[in-house]
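Trainee: Just passing along the structure, written as structure tokens.
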Protein chains: 2
Amino acid sequence: MPPTGPDTAIPGRPAADLRPAGRDPSDRRNRGRGAAAQNRSALVAAAREVFADVGYDAPLSSVARRAGVGQGSLYRHFPDRVSLALAAFEENVSELEALADRPGTTVEDCLSLLAEQSIAAVAYIHLLSGRADDPRVAAVAQRVTAVLAATLPEAQQAGRLGRHLDASDLLMAVGMVSGLLTQVPAAGRRATAGRAWALLHRALVP
Amino acid sequence: MPPTGPDTAIPGRPAADLRPAGRDPSDRRNRGRGAAAQNRSALVAAAREVFADVGYDAPLSSVARRAGVGQGSLYRHFPDRVSLALAAFEENVSELEALADRPGTTVEDCLSLLAEQSIAAVAYIHLLSGRADDPRVAAVAQRVTAVLAATLPEAQQAGRLGRHLDASDLLMAVGMVSGLLTQVPAAGRRATAGRAWALLHRALVP
DNA sequence: TACGAACCGGACAGTGCTGTCCGGTCGCTG
DNA sequence: CAGCGACCGGACAGCACTGTCCGGTTCGTA
């Protein structure tokens, strides 16, 4: 072994995040009657960041810390991990549905958005593909599948995507890329996702 | 490797957890001077099963339990998780290298074997793709890449695989499938892997 | 201004995993 | 057959995360 310097420490982890992201738990303004909604949305935002950085298994205590909120408030708003995750990713789903509702949107647009979302939130796809037994999760997965199923036929009739595909194939492709991304440090995810989609592209066109 | 009998891992086992897999920790024969090698290989076999069932993050204590061996023996033989995993998956790698050395082996054969191995041992690919910073892991990944790099050109010249591919693309494809499999309960993995490879096939041929 | 419902933060007990340590067992060797 | 070193098993301390509980704060209302 070469005389490795201080570099021996964990390489891909520059940032220890004890930082309360601008919110201070002891700030009086977090307290009192009207703060509930603010605390809730701070928790959701923090959950998105932490799930993105650390993964779906991230400690919930670190979410509370990042949100600048006590443990108690976290568990009062979100009794378990799934309900927090669902709240955190609700925006992803509704954004996707909004995109699909806009006239002229293609299934490729939807896939692009999903791909982009999956880079920032591997845990989002992980949740969608993995916990199909939980009815709350299944409902969300169903909404995503519905978006793809609705937009896919147009692309197929236009000859841009192969007729061998169905909506579940597309969701599987997203799941494959996101599964690959979980194995890769966060810093390299965008590049890896690009390579993976480039490879997959050949599997999707006619 | 000593001529131990029950050496092969059983892939499709529904498998309870607490059972010591035929070995009893209090069995005197596990003790004494010559038992070290037997305990070691029992640990490796148990690790293969447990990593397959539970995943790479499985508790090491459950490996010791399944091997019918004390915690102390586990940590004496394998000081950390990576060294245990490397021992557990060494057989996969050497099997792959042996296949590649056999005349007439194609890169498709190697991919098939990798695909098959990844179903039984998602953690194996997870380790290969994920911990590239650990030099021991990197060495193993390099061996796998070398096998693919050596056999790929023949298939490309024969027109069976596209010239746009290189060995890292193939490893990435394996990583994508295995990443997808981690999101799926063990029971459905074979079927899911089949669907995923069917989709990917179109991305690999010219 | 005074009261109390709603809400907050953090301490804390419960739980599970890791890695170490040590008393005890075995079998080789003189 | 007695001694000794190698080896074993499991207890245990340390640590991290979960989810609960309670004293304290805030602000609407009277």
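Letters A, B, ... go to the chains of the structure tokens in the order shown; residues in each chain start at 1; ligands are counted from 1 in the same order.
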Quick one: DSSP helix (DSSP H, G or I) residues in range 26-202 of chain B, as a VMD selection string?
Mentor: chain B and resid 28 to 30 35 to 54 60 to 67 71 to 77 81 to 101 107 to 120 122 to 130 135 to 157 167 to 182 186 to 202
Trainee: Compile the contact shell of range 2-5 of chain C as number ranges by chain: residues with an atom at most 10 Å away, counting only C-alpha atoms (C1' of nucleotides), same-chain residues fewer than 6 positions apart removed.
Mentor: A: 33; D: 27-30
Trainee: Counting only C-alpha atoms (C1' of nucleotides), collect the residues of chain C whose closest atom lies at most 10 Å from chain B, and write them out as a ChimeraX atom specification.
Mentor: /C:16-21,25-28
Trainee: Take the residues just selected and output them with C-alpha atoms (C1' of nucleotides) as a compact mmCIF listing (two decimals), in the first residue's frame.
Mentor:
# COMPACT_ATOMS: atom_id res chain seq x y z
C1' DG C 16 -30.53 -3.66 16.35
C1' DC C 17 -25.85 -3.92 14.34
C1' DT C 18 -20.79 -3.76 14.64
C1' DG C 19 -16.50 -5.11 16.09
C1' DT C 20 -13.72 -6.48 20.30
C1' DC C 21 -12.51 -9.25 24.06
C1' DT C 25 -12.05 -26.06 24.08
C1' DC C 26 -9.34 -28.87 21.11
C1' DG C 27 -5.66 -31.59 19.33
C1' DC C 28 -0.76 -31.67 18.30
Trainee: Can you tell me which residues surround DC12 in chain C at a distance of at most 10 Å, considering only C-alpha atoms (C1' of nucleotides), apart from same-chain residues fewer than 2 positions away, and format the answer as JSON, numbers by chain?
Mentor: {"C": [10, 14], "D": [20, 21]}
Trainee: Residues of the last selection are to be written out with C-alpha atoms (C1' of nucleotides), as a PDB file, in the first residue's frame.
Mentor:
ATOM      1  C1'  DG C  10     -35.113  18.048  22.186  1.00  0.00           C
ATOM      2  C1'  DG C  14     -36.054   0.910  22.996  1.00  0.00           C
TER       3       DG C  14
ATOM      4  C1'  DT D  20     -42.561   8.858  22.125  1.00  0.00           C
ATOM      5  C1'  DC D  21     -43.146  12.112  25.686  1.00  0.00           C
TER       6       DC D  21
END
Trainee: Select all residues from chain D having any atom no more than 7 Å from an atom of chain A (counting only C-alpha atoms (C1' of nucleotides), ignoring ligands), output as a PDB file with C-alpha atoms (C1' of nucleotides), in the first residue's frame.
Mentor:
ATOM      1  C1'  DC D  17     -31.670   5.369  14.379  1.00  0.00           C
ATOM      2  C1'  DT D  25     -43.520  28.822  23.817  1.00  0.00           C
ATOM      3  C1'  DT D  26     -46.745  31.364  20.928  1.00  0.00           C
ATOM      4  C1'  DC D  27     -50.787  33.658  19.554  1.00  0.00           C
TER       5       DC D  27
END
Trainee: Counting only C-alpha atoms, which residue out of A:Ala203, A:Ala42, A:Ala196, A:Leu84 sits closest to chain B?
Mentor: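 Ranked by minimum distance to chain B, first place goes to A:Ala203.
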Trainee: Quote the C-alpha RMSD, in Å to one decimal, that results from superposing chain A on chain B by least squares across all C-alpha atoms in order.
Mentor: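 That gives an RMSD of 9.0 Å.
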Trainee: Quick one: residues within 10 Å of Val205 in chain A, only C-alpha atoms (C1' of nucleotides) counted, chain neighbours fewer than 4 positions away excluded, as a CSV table (one decimal) with C-alpha atoms, in the first residue's frame?
Mentor:
chain,number,residue,atom,x,y,z
A,155,ALA,CA,-45.2,8.3,-30.5
A,156,GLN,CA,-45.6,4.8,-31.7
A,159,GLY,CA,-42.9,5.9,-35.7
A,160,ARG,CA,-40.7,7.5,-33.2
A,161,LEU,CA,-40.9,4.7,-30.6
A,162,GLY,CA,-41.1,1.0,-31.3
A,163,ARG,CA,-44.5,-0.8,-31.3
A,164,HIS,CA,-42.9,-3.5,-29.1
A,165,LEU,CA,-43.1,-1.2,-26.1
A,200,LEU,CA,-31.1,2.5,-24.0
A,201,HIS,CA,-32.2,4.8,-26.8
B,202,ARG,CA,-32.2,-4.3,-29.0
B,203,ALA,CA,-29.6,-1.9,-27.7
Trainee: Output the contact residues of chain A with respect to chain B at a cut-off of 7 Å, based on only C-alpha atoms, as JSON, numbers by chain.
Mentor: {"A": [126, 129, 130, 175, 176, 177, 179, 180, 183, 184, 199, 200, 202, 203]}
Trainee: Excluding Glu108 in chain B and its own-chain neighbours fewer than 2 positions away, which residues fall within 10 Å of it when counting only C-alpha atoms (C1' of nucleotides)? Please give them as number ranges by chain.
Mentor: B: 105-106, 110-114, 148, 151-152, 155, 160-161
Trainee: Which one of A:Val147, A:Val63, A:Ala158, A:Ala115 sits closest to Trp197 in chain A if you count only C-alpha atoms?
Mentor: A:Ala115
